[in-house]
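Engineer: This is the structure I have questions about; it appears just below.
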There are 2 protein chains.
Amino acid sequence: MSKPVGPRARPIGVFDSGVGGLTVLRALRGALPGEDFIYLGDTARLPYGTKSAGTVVRYSLQCAAALAARDIRCLVVACNTASASALAALRGAYPNLPVIGVIEPGAEAAVAASARQHIAVIATEGTIAGGAYEEAIRRRNPQIQVEARACPLFVALAEEGWTDGPIAAAIAKRYLEPLFGDQGDDAGGAAARPIGTPDTLVLGCTHFPTLKAAIQAVLPPSVIVVDSAATIAAAVFRQLGPLRPQSTPGQIRWLATDGAARFARVGSIFLGEALDPAAVEIVDL
Amino acid sequence: MSKPVGPRARPIGVFDSGVGGLTVLRALRGALPGEDFIYLGDTARLPYGTKSAGTVVRYSLQCAAALAARDIRCLVVACNTASASALAALRGAYPNLPVIGVIEPGAEAAVAASARQHIAVIATEGTIAGGAYEEAIRRRNPQIQVEARACPLFVALAEEGWTDGPIAAAIAKRYLEPLFGDQGDDAGGAAARPIGTPDTLVLGCTHFPTLKAAIQAVLPPSVIVVDSAATIAAAVFRQLGPLRPQSTPGQIRWLATDGAARFARVGSIFLGEALDPAAVEIVDL
């Protein structure tokens, strides 16, 4: 007699304004390799990072509705901007669905990492303007000093695939030097972290993990880099646990609101593997 | 007896996906200083450059409807991507309204400028993928050789306001060297244009005029740069002529679909003067 097979566990829904959330999906798959996922990229309206909070809430509710209609058992908000603006609205609209955003796990990891209670956050304009990371960090420890900086060119760099080389290095230096001081050309050398600068950096945008090496190269070597993609994957794992045998690889269903070819081409940079444009279903929200 | 005052001429409507079209408005105001304008930036859904043609047509029709409802006498499509994809649909929807796009005037100016019949076009991904400049150039002269390259990082650079300095120079070099050859560090010197490279460059995105100096610095000195903002302004002037006395400065009404503060802040880079966020009316399309 064969072992009875239970009903297939419902998938985990993941949405982002575009392809950046694929760094989150990649981390989620690493943590929960047996689960099924549905990924929705709202590519018709990306980026969210430069839009107002009200607009981001409206778009996020539409993304959540499309995923809820596909019977997900958990909603992962893989977009920092949407996590910053829309989490309360999403939880209000779907009281029976666990909704996990990317800000809280990142803030928690940063607070745990920062020995000197001084954290820097880099993100899109929208995330920084909303102040969600600062708020989430200070809620855990009001003594912590937080510096925040919008780095919008990192998004374009990541989407172009120019994630290393002199241009990525120069842009990283220009954005980060005001926060961490000049490390000179010998950034990886013996230079100690200057007194009075942060000891922890939160990558508060899902595009930024692709630039992690270029970013770390201009930081004092002692600075701890908190990757919000990795920390949300850990949070989902803690909350849900693996429901399916880890030995059976899960399936991924791809949804986008526009441009399957570009989704697949640029998305492969973030996912870290090839993505077939024919597998991307275009949906109208 | 005072001179009778005629009815006020209806305004010229201008739309763009965001603030880039303000380089076009700036050129239009220079050509037609006595006219009234209504500018609409679809900031809730920018950028159009990475979206599919069908989506750009839909958004463009919504922008045009908002302007037509405000009784314009001419519609200027200040967005290259929308000009490339949506001009026929707009003319079909508004048969009695002159609709002027940015591609045709730019193509015409480039064909007139290129002595060696070899033109390069730089634009967003969407404009390049659609091939509208190549098509408009070859329609005028099928013998002309056209090279095209998408330069998406120029958009982010312009919006960040990093329009000069080493980062703009390095990005310009990386994008343009494959088209024009290596000019070395002494780009402005006696280096002649290499044989077999284009003699004319079309700035096929409204963001790019803000980077004109950085772009010209990496080009052979003999290359002619065609600025699509300036050429569309000349085309509107030729088609409409000045209807109001040039001595009375025209009024501008500002509409955006999202984010008045960002519209004013980033828009001032493109307009070349300060823009008051309180003057920006947010409209829902």
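Convention: chains lettered A, B, ... in structure tokens order; per-chain residue numbering from 1; ligands numbered from 1 as shown.
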For chain B against chain A, which residues fall within 6 Å using only C-alpha atoms, given as a list in words?
Structural biologist: Arg45, Ser52, Leu153, Ala156 and Gly259 of chain B
Engineer: Any chance you can output those residues with N, CA and C atoms as a PDB file, in the first residue's frame?
Structural biologist:
```pdb
ATOM      1  N   ARG B  45       2.197  56.602 -12.914  1.00  0.00           N
ATOM      2  CA  ARG B  45       2.471  55.386 -13.682  1.00  0.00           C
ATOM      3  C   ARG B  45       3.793  55.445 -14.422  1.00  0.00           C
ATOM      4  N   SER B  52       4.917  47.953 -22.097  1.00  0.00           N
ATOM      5  CA  SER B  52       4.583  47.451 -23.435  1.00  0.00           C
ATOM      6  C   SER B  52       3.773  48.497 -24.196  1.00  0.00           C
ATOM      7  N   LEU B 153      19.957  54.185 -17.738  1.00  0.00           N
ATOM      8  CA  LEU B 153      20.554  54.846 -16.569  1.00  0.00           C
ATOM      9  C   LEU B 153      20.594  56.358 -16.708  1.00  0.00           C
ATOM     10  N   ALA B 156      17.625  57.793 -14.765  1.00  0.00           N
ATOM     11  CA  ALA B 156      17.817  57.857 -13.318  1.00  0.00           C
ATOM     12  C   ALA B 156      18.827  58.943 -12.943  1.00  0.00           C
ATOM     13  N   GLY B 259       1.996  62.775  -6.443  1.00  0.00           N
ATOM     14  CA  GLY B 259       3.221  63.323  -5.869  1.00  0.00           C
ATOM     15  C   GLY B 259       3.578  64.737  -6.295  1.00  0.00           C
TER      16      GLY B 259
END
```
Engineer: Using DSSP assignments from the backbone, pull out every residue in segment 74-208 of chain A that falls under strand (DSSP E or B) and give it to me as a ChimeraX atom specification.
Structural biologist: /A:74-77,99-101,118-123,145-150,200-203
Engineer: For Ala109 of chain B, list every protein, DNA or RNA residue within 12 Å, evaluated using only C-alpha atoms, and leave out those in the same chain fewer than 4 positions away; present the list as a list in words.
Structural biologist: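 Residues meeting the cut-off are Val102, Ile103, Glu104, Pro105, Ala113, Ser114, Ala115, Ile119, Tyr133, Ala136, Ile137, Arg140, Thr200, Leu201, Val202, Leu203, Gly204, Ile224, Val225, Val226, Asp227, Ser228, Ala229, Ala230, Thr231, Ile232, Ala234 and Ala235 of chain B.
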Engineer: Once you count only C-alpha atoms, what closest atom pair and distance in Å to one decimal does each residue of segment 95-213 of chain B within 6 Å of segment 70-88 of chain B have, with rows by chain and rising residue number, as JSON lines?
Structural biologist:
```
{"residue": "B:Leu97", "atom": "CA", "partner": "B:Cys74", "partner_atom": "CA", "distance": 5.7}
{"residue": "B:Pro98", "atom": "CA", "partner": "B:Cys74", "partner_atom": "CA", "distance": 5.0}
{"residue": "B:Val99", "atom": "CA", "partner": "B:Leu75", "partner_atom": "CA", "distance": 4.8}
{"residue": "B:Ile100", "atom": "CA", "partner": "B:Val76", "partner_atom": "CA", "distance": 4.9}
{"residue": "B:Gly101", "atom": "CA", "partner": "B:Val77", "partner_atom": "CA", "distance": 4.8}
{"residue": "B:Val102", "atom": "CA", "partner": "B:Asn80", "partner_atom": "CA", "distance": 5.9}
{"residue": "B:Thr127", "atom": "CA", "partner": "B:Thr81", "partner_atom": "CA", "distance": 5.0}
{"residue": "B:Ala132", "atom": "CA", "partner": "B:Ala84", "partner_atom": "CA", "distance": 5.4}
{"residue": "B:Cys205", "atom": "CA", "partner": "B:Asn80", "partner_atom": "CA", "distance": 5.7}
```
Engineer: Would you give me, as a compact mmCIF listing (two decimals) with C-alpha atoms, in the first residue's frame, the residues in segment 44-110 of chain A that DSSP reads as alpha helix (DSSP H)?
Structural biologist:
```txt
# COMPACT_ATOMS: atom_id res chain seq x y z
CA ALA A 53 1.61 56.40 -0.12
CA GLY A 54 -2.05 56.55 -1.20
CA THR A 55 -1.26 55.31 -4.68
CA VAL A 56 0.97 52.53 -3.33
CA VAL A 57 -1.83 51.37 -0.99
CA ARG A 58 -4.30 51.22 -3.90
CA TYR A 59 -1.91 49.26 -6.14
CA SER A 60 -0.98 46.90 -3.29
CA LEU A 61 -4.65 46.08 -2.56
CA GLN A 62 -5.12 45.24 -6.25
CA CYS A 63 -2.06 42.96 -6.23
CA ALA A 64 -3.29 41.25 -3.05
CA ALA A 65 -6.75 40.72 -4.57
CA ALA A 66 -5.25 39.01 -7.62
CA LEU A 67 -3.25 36.65 -5.39
CA ALA A 68 -6.08 36.05 -2.89
CA ASN A 80 9.86 47.67 0.61
CA THR A 81 7.73 50.61 -0.52
CA ALA A 82 4.52 48.59 -0.30
CA SER A 83 5.59 47.13 3.05
CA ALA A 84 6.19 50.65 4.33
CA SER A 85 2.83 52.05 3.19
CA ALA A 86 0.30 49.30 2.71
CA LEU A 87 0.75 46.62 5.38
CA ALA A 88 -2.05 47.84 7.68
CA ALA A 89 -4.47 48.21 4.76
CA LEU A 90 -3.63 44.72 3.50
CA ARG A 91 -4.11 43.17 6.96
CA GLY A 92 -7.42 45.02 7.29
CA ALA A 93 -8.63 43.76 3.92
CA ILE A 103 10.45 46.06 6.82
CA GLU A 104 9.89 44.45 10.23
CA PRO A 105 12.25 41.48 9.73
CA GLY A 106 14.95 43.81 8.36
CA ALA A 107 14.56 46.22 11.26
CA GLU A 108 14.70 43.37 13.76
CA ALA A 109 17.87 41.93 12.24
CA ALA A 110 19.52 45.37 12.18
```
Engineer: Neighbours of Lys173 of chain A within 10 Å (only C-alpha atoms; same-chain residues fewer than 5 positions away dropped), as an MDAnalysis selection string?
Structural biologist: chainID A and resid 167:168 178:184 214:215 217:219
Engineer: Might you pull out every residue within 6 Å of His118 of chain A, with only C-alpha atoms counted and same-chain residues fewer than 2 positions away left off, and present them as a PyMOL selection string?
Structural biologist: chain A and resi 116+144-146+198
Engineer: Mind pulling up the distance from atom CA of Gly13 of chain A to atom CA of Glu35 of chain A?
Structural biologist: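 Interatomic distance here is 10.8 Å.
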Engineer: Interatomic distance between atom CA of Phe208 of chain A and atom CA of Thr23 of chain A?
Structural biologist: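 Taking atom CA of Phe208 of chain A and atom CA of Thr23 of chain A, their separation equals 9.0 Å.
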Engineer: May I ask for the distance between atom CA of Arg265 of chain B and atom CA of His207 of chain A, given in Å to one decimal place?
Structural biologist: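 Atom-to-atom, atom CA of Arg265 of chain B to atom CA of His207 of chain A, that is 24.2 Å.
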